[in-house]
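Heads up: the structure comes next, in structure tokens.
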Amino acid sequence: MIARADCDCFSNLAEASGDRALRFALAGNPNCGKTTLFNALTGLRAHTANYPGTTIECRLGRCSNGASDIELLDLPGIYDFSASSEEEQVALNALQGRSAEFGAPDGVIVVADATNLNRSLFLISQIVEMKLPVVVVLNMVDLAETGGTRVDACKLAAELGCPVVPVVARNGRGLPELRAALREMKTPATRNVCGGCDGCRFRARYSWSDAVTKRCVEHAPQPAGRWTERMDHALTHPVWGVAAFFAVMLGLFFLIFSLASVPMDLIDGLFTELGGWVERVMPDGDLRDLLVKGVIGGGGGVLVFLPQICILFFCISLLEDTGYLARAAFVMDRLMSRVGLPGKAFVPMLSAHACAIPAIMATRVIEDKRDRLVTILVLPLFSCSARIPVYSMLAALLFADSAWRASLVFTGAYATGMLAAVGVAFLLKRTLLKGDSRPLVLELPSYKAPSVRTASLVMLDRARVFLRRAGTIILFISVALWALATYPKSEPPPEAVALQQQAEQHRARGATKEADATQAQVERITAHSALANSAAGRLGRFIEPALRPLGFDWQIGIGIISSFAAREVIVSTLAVVYGVGEDVAEESPESLYDSLRRARRADGTPVFTTATCVSLLLFYVLAMQCLATQAITRRETNSWKWPALQLGYMTLLAYGAALAAFQLLHACGIS
Amino acid sequence: MKRPNQETYCPSAPRRRLNELPSGSRGVVHHIETAETAMHRLMAMGLCVGREVHVVRQGNPLILGLLGACIGVSSRLAHHVLIKPACCGGSHDCAC
Ligand SMILES: Nc1nc2c(ncn2[C@@H]2O[C@H](COP(=O)(O)OP(=O)(O)O)[C@@H](O)[C@H]2O)c(=O)[nH]1
Ligand SMILES: [Mg+2]
């Protein structure tokens, strides 16, 4: 059975108890190879959900031990069971069967790191005390062997009173033996390691781990890898480490934007083709319009982001696997703690430059609740890729003839977003979400070759979550906005009717070329007047008084409203409201920019003056115009309060900045 | 390489804070002053009164060697850990 797409893992487990699949929990320290083992055992038959009421992810998968079906539950990586953090609480509840939806597991698979048995034994000693059947998986024996460490599995099994199976999760060595061991699990004889815990309450446990390690591990000291040591020294250096961090991030961005452009163009082209095909085969009418503009347009709008998101998560997973991401969080911690945020917040901030939605999902790595909230609140200020078409348009309007000045517009927009995010985070940490950031305690795992398999699985998983969460919302909104822009219907204006007659006369005379030109003009005028008289047009006029101080007219107002589906929609909306025609705008953006430059207000002055462009740019950098992001914020914070705050402060910020910029430029006589 | 084990530490050696030890030095944890959550995490990673800790790199954050793993720790947190420095077995710089 493959898990349903949208259910909680616990309801799944409850269901499974009917067909008597065995339930095993997978426990272990972070970085001991749990995810790798989980993937090796379950493959694609796994899915990710949240522990109920928390944002802690749990992964649930199926495998078989040859005799019966097994459901595997991946617990969060933990160091002990004292329940001092949410993860530990969740893991403890799951193991003890205390969570209402989840019965006690039939057994626990504990993953131990063979290269550092001593550390793993600390957790193992606590798990064997829980009176559950246990199998200890001695993972990474390949790395231990090359490092000169030999762990005697038989001795260890005797010490612990439970089976110990050496495996290499990376290449599947030892997995058949593990499956066999899962058939005959039994509860180890109870022992209480922590007899007379004095002083430090962990001390007896550590002494026990030391003693067991001494008896079971043979260590032939090998010359330590000099180059890894030296590399690590550089990567954690206060100066070189930060430089390396920025180099890696720059490389990552380059990869995202250069590699993703090919599939993005492909998807874009495909959806345009599809829209064109539907237009050809279906009769003219509202249904066709809905399909082409609402459904196909909206669907394309969702899917174009997918390549970037896939590449982003693939690369981040690779970086995490190598052990570099922990170093990056380490060097960034000092810089970020000035703002009051933990070093780990840089991963979501990085992701936010592709799209705020996966970035908000990535904030789960941040342990402290307040730190996490602050990060979520400021993430939409980073320039996501939906803003790029808007920046391109405005850069072209501002500096048509100078490529390098246009690129300054881009740089300025990105920098403004980052500065605003940092500033707001700083303020939030000092007012609403007061408190020191949690001091860093972060394991720096040893460097390893990354696993493409793990990265691919992460990528697929994230893509699925994005499509499910954001896709449905964006699709819904684009259909709703299509309706707003289409209804109520209005008669074509008299001007269009007159031109239409002219076109027919041309055609009757056989002058096809002129007829087509006039016909196109008719369509432009009709589309323009239909939009102006629609609900969206009326809304645009209604909010115009509020927008006038920013230098916007009601047509830009329609553009801003339409941006709620996705920011880049303003470009095609402006093409319609300023009467260029969408098709022309798509074929050559230059013609759109030209006619926008020529657009005039009622009094004959140009609409897109320098002041208006700068004001609009600032507005798009700072405004919260993405309902999908709001929905994700709601889901990740479990309350409407935070998305409301996000919308409120960002709107104020955007309005204030645009107002200040426009009035200032106007006062200086720049227009 | 001869590593000092727990018995060779000197009971009367002066206490120092973990964030003041030089890079590469070792010491035994004498006292932990705070019970905050982050400290608890550090204790579960091997920082424990009476056990040895290795400062791999001093700074903020600093890197500790605990139970054979490297752990990055805020200087602010390390400040709350008092250390008995290693006793060098009677040579000149021993404080006892
Ligand atoms: N050489 C080797 N590497 C492994 C093995 N198992 C896991 N790894 C690597 O160890 C790192 C951490 O693994 P992961 O599964 O993410 O650990 P988790 O944090 O417990 O989920 C990754 O780079 C894996 O590729 C193994 O058996 N041999
Ligand atoms: Mg993992």
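In the structure tokens, chains take letters A, B, ... by order of appearance, with residues numbered from 1 within each chain and ligands from 1 in the order shown.
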
**Message:** At a cut-off of 7 Å around ligand 2, and using only C-alpha atoms and all ligand atoms, what residues come up? Please write them as a PyMOL selection string.
**Reply:** chain A and resi 30-31+33-35

Within 10 Å of chain A, which residues of chain B are there when counting only C-alpha atoms? Please give them as an mmCIF file with N, CA and C atoms, in the first residue's frame.
data_model
loop_
_atom_site.group_PDB
_atom_site.id
_atom_site.type_symbol
_atom_site.label_atom_id
_atom_site.label_comp_id
_atom_site.auth_asym_id
_atom_site.auth_seq_id
_atom_site.Cartn_x
_atom_site.Cartn_y
_atom_site.Cartn_z
ATOM 1 N N HIS B 31 32.286 22.678 36.520
ATOM 2 C CA HIS B 31 30.970 23.121 36.949
ATOM 3 C C HIS B 31 30.238 23.721 35.761
ATOM 4 N N ILE B 32 28.940 23.493 35.704
ATOM 5 C CA ILE B 32 28.116 24.088 34.651
ATOM 6 C C ILE B 32 27.120 25.022 35.313
ATOM 7 N N GLU B 36 19.919 26.223 30.927
ATOM 8 C CA GLU B 36 19.085 26.523 29.758
ATOM 9 C C GLU B 36 19.075 25.349 28.774
ATOM 10 N N THR B 37 18.070 25.371 27.886
ATOM 11 C CA THR B 37 17.857 24.250 26.977
ATOM 12 C C THR B 37 19.083 23.947 26.138
ATOM 13 N N ALA B 38 19.723 25.000 25.641
ATOM 14 C CA ALA B 38 20.878 24.782 24.773
ATOM 15 C C ALA B 38 21.982 24.048 25.534
ATOM 16 N N MET B 39 22.152 24.373 26.818
ATOM 17 C CA MET B 39 23.167 23.702 27.611
ATOM 18 C C MET B 39 22.803 22.231 27.790
ATOM 19 N N HIS B 40 21.515 22.015 27.934
ATOM 20 C CA HIS B 40 21.078 20.638 28.084
ATOM 21 C C HIS B 40 21.459 19.812 26.865
ATOM 22 N N ARG B 41 21.251 20.403 25.697
ATOM 23 C CA ARG B 41 21.619 19.730 24.462
ATOM 24 C C ARG B 41 23.111 19.412 24.458
ATOM 25 N N LEU B 42 23.898 20.374 24.887
ATOM 26 C CA LEU B 42 25.348 20.201 24.915
ATOM 27 C C LEU B 42 25.734 19.075 25.880
ATOM 28 N N MET B 43 24.995 18.998 26.980
ATOM 29 C CA MET B 43 25.296 17.940 27.945
ATOM 30 C C MET B 43 24.977 16.575 27.363
ATOM 31 N N ALA B 44 23.904 16.506 26.560
ATOM 32 C CA ALA B 44 23.573 15.223 25.939
ATOM 33 C C ALA B 44 24.569 14.866 24.845
ATOM 34 N N MET B 45 25.354 15.847 24.417
ATOM 35 C CA MET B 45 26.358 15.572 23.393
ATOM 36 C C MET B 45 27.697 15.205 24.022
ATOM 37 N N GLY B 46 27.775 15.183 25.321
ATOM 38 C CA GLY B 46 29.002 14.703 25.961
ATOM 39 C C GLY B 46 29.674 15.673 26.909
ATOM 40 N N LEU B 47 29.119 16.863 27.087
ATOM 41 C CA LEU B 47 29.707 17.785 28.051
ATOM 42 C C LEU B 47 29.167 17.420 29.425
ATOM 43 N N CYS B 48 30.051 17.028 30.335
ATOM 44 C CA CYS B 48 29.555 16.464 31.578
ATOM 45 C C CYS B 48 30.592 16.739 32.664
ATOM 46 N N VAL B 49 30.129 17.109 33.817
ATOM 47 C CA VAL B 49 31.047 17.415 34.919
ATOM 48 C C VAL B 49 31.943 16.217 35.177
ATOM 49 N N GLY B 50 33.246 16.449 35.252
ATOM 50 C CA GLY B 50 34.186 15.365 35.502
ATOM 51 C C GLY B 50 34.716 14.735 34.234
ATOM 52 N N ARG B 51 34.183 15.119 33.075
ATOM 53 C CA ARG B 51 34.688 14.532 31.826
ATOM 54 C C ARG B 51 35.515 15.544 31.041
ATOM 55 N N VAL B 56 38.822 22.659 20.106
ATOM 56 C CA VAL B 56 39.447 22.488 18.795
ATOM 57 C C VAL B 56 39.824 23.850 18.234
ATOM 58 N N ARG B 57 38.913 24.808 18.403
ATOM 59 C CA ARG B 57 39.208 26.147 17.905
ATOM 60 C C ARG B 57 38.459 27.148 18.765
ATOM 61 N N GLY B 59 37.030 30.928 19.684
ATOM 62 C CA GLY B 59 36.428 32.001 18.892
ATOM 63 C C GLY B 59 34.961 32.099 19.237
ATOM 64 N N ASN B 60 34.229 32.871 18.462
ATOM 65 C CA ASN B 60 32.784 32.890 18.659
ATOM 66 C C ASN B 60 32.089 32.684 17.331
ATOM 67 N N PRO B 61 31.391 31.577 17.138
ATOM 68 C CA PRO B 61 31.311 30.406 17.997
ATOM 69 C C PRO B 61 32.629 29.617 18.022
ATOM 70 N N LEU B 62 32.808 28.824 19.068
ATOM 71 C CA LEU B 62 34.011 28.000 19.161
ATOM 72 C C LEU B 62 33.676 26.554 18.787
ATOM 73 N N ILE B 63 34.715 25.776 18.537
ATOM 74 C CA ILE B 63 34.499 24.366 18.205
ATOM 75 C C ILE B 63 35.046 23.505 19.333
ATOM 76 N N LEU B 64 34.188 22.639 19.853
ATOM 77 C CA LEU B 64 34.597 21.730 20.921
ATOM 78 C C LEU B 64 34.747 20.324 20.367
ATOM 79 N N GLY B 65 35.662 19.569 20.940
ATOM 80 C CA GLY B 65 35.727 18.148 20.643
ATOM 81 C C GLY B 65 35.106 17.396 21.808
ATOM 82 N N LEU B 66 33.983 16.726 21.545
ATOM 83 C CA LEU B 66 33.284 15.991 22.598
ATOM 84 C C LEU B 66 32.964 14.609 22.083
ATOM 85 N N LEU B 67 33.331 13.582 22.795
ATOM 86 C CA LEU B 67 33.028 12.215 22.403
ATOM 87 C C LEU B 67 33.404 11.939 20.945
ATOM 88 N N GLY B 68 34.531 12.447 20.532
ATOM 89 C CA GLY B 68 34.983 12.155 19.181
ATOM 90 C C GLY B 68 34.265 12.911 18.082
ATOM 91 N N ALA B 69 33.431 13.897 18.430
ATOM 92 C CA ALA B 69 32.760 14.683 17.399
ATOM 93 C C ALA B 69 33.086 16.160 17.602
ATOM 94 N N CYS B 70 32.970 16.943 16.529
ATOM 95 C CA CYS B 70 33.185 18.383 16.635
ATOM 96 C C CYS B 70 31.839 19.068 16.837
ATOM 97 N N ILE B 71 31.755 19.933 17.810
ATOM 98 C CA ILE B 71 30.502 20.637 18.080
ATOM 99 C C ILE B 71 30.766 22.134 18.062
ATOM 100 N N GLY B 72 29.997 22.865 17.268
ATOM 101 C CA GLY B 72 30.074 24.316 17.276
ATOM 102 C C GLY B 72 29.211 24.864 18.399
ATOM 103 N N VAL B 73 29.772 25.766 19.217
ATOM 104 C CA VAL B 73 29.053 26.270 20.384
ATOM 105 C C VAL B 73 29.246 27.787 20.487
ATOM 106 N N SER B 74 28.167 28.493 20.794
ATOM 107 C CA SER B 74 28.270 29.936 21.022
ATOM 108 C C SER B 74 29.200 30.214 22.189
ATOM 109 N N SER B 75 29.980 31.250 22.065
ATOM 110 C CA SER B 75 30.860 31.672 23.148
ATOM 111 C C SER B 75 30.039 32.010 24.394
ATOM 112 N N ARG B 76 28.888 32.601 24.149
ATOM 113 C CA ARG B 76 27.971 32.987 25.215
ATOM 114 C C ARG B 76 27.592 31.792 26.087
ATOM 115 N N LEU B 77 27.429 30.630 25.455
ATOM 116 C CA LEU B 77 27.062 29.437 26.203
ATOM 117 C C LEU B 77 28.285 28.852 26.907
ATOM 118 N N ALA B 78 29.408 28.857 26.180
ATOM 119 C CA ALA B 78 30.636 28.286 26.741
ATOM 120 C C ALA B 78 31.085 29.061 27.971
#

**Request:** Produce as a list in words the set of residues near ligand 1, where near means within 7 Å with only C-alpha atoms and all ligand atoms considered.
**Result:**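 The residues within 7 Å of ligand 1, counting only C-alpha atoms and all ligand atoms, are Gly28, Asn29, Pro30, Asn31, Cys32, Gly33, Lys34, Thr35, Thr36, Leu37, Gly77, Asn139, Met140, Val141, Asp142, Leu143, Val167, Val168, Ala169, Arg170, Asn171, Asp321, Thr322, Gly323, Lys448, Ala449, Pro450 and Ser451 of chain A.
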
**Item:** Filtered DSSP result for region 433-671 of chain A, state helix (DSSP H, G or I), as a PyMOL selection string
**Value:** chain A and resi 452-486+494-509+512-533+535-550+554-562+569-577+582-587+589-598+610-622+627-637+641-667

**Request:** Could you pull out the residues in region 22-85 of chain B that DSSP calls strand (DSSP E or B) from the backbone, as a PyMOL selection string?
**Result:** chain B and resi 26-32+52-57+62-66+69-73+81-85

**Asked** Which distance in Å separates CA of Arg635 (chain A) and CA of Thr42 (chain A), to one decimal?
**Response**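 Separation of CA of Arg635 (chain A) and CA of Thr42 (chain A): 28.0 Å.
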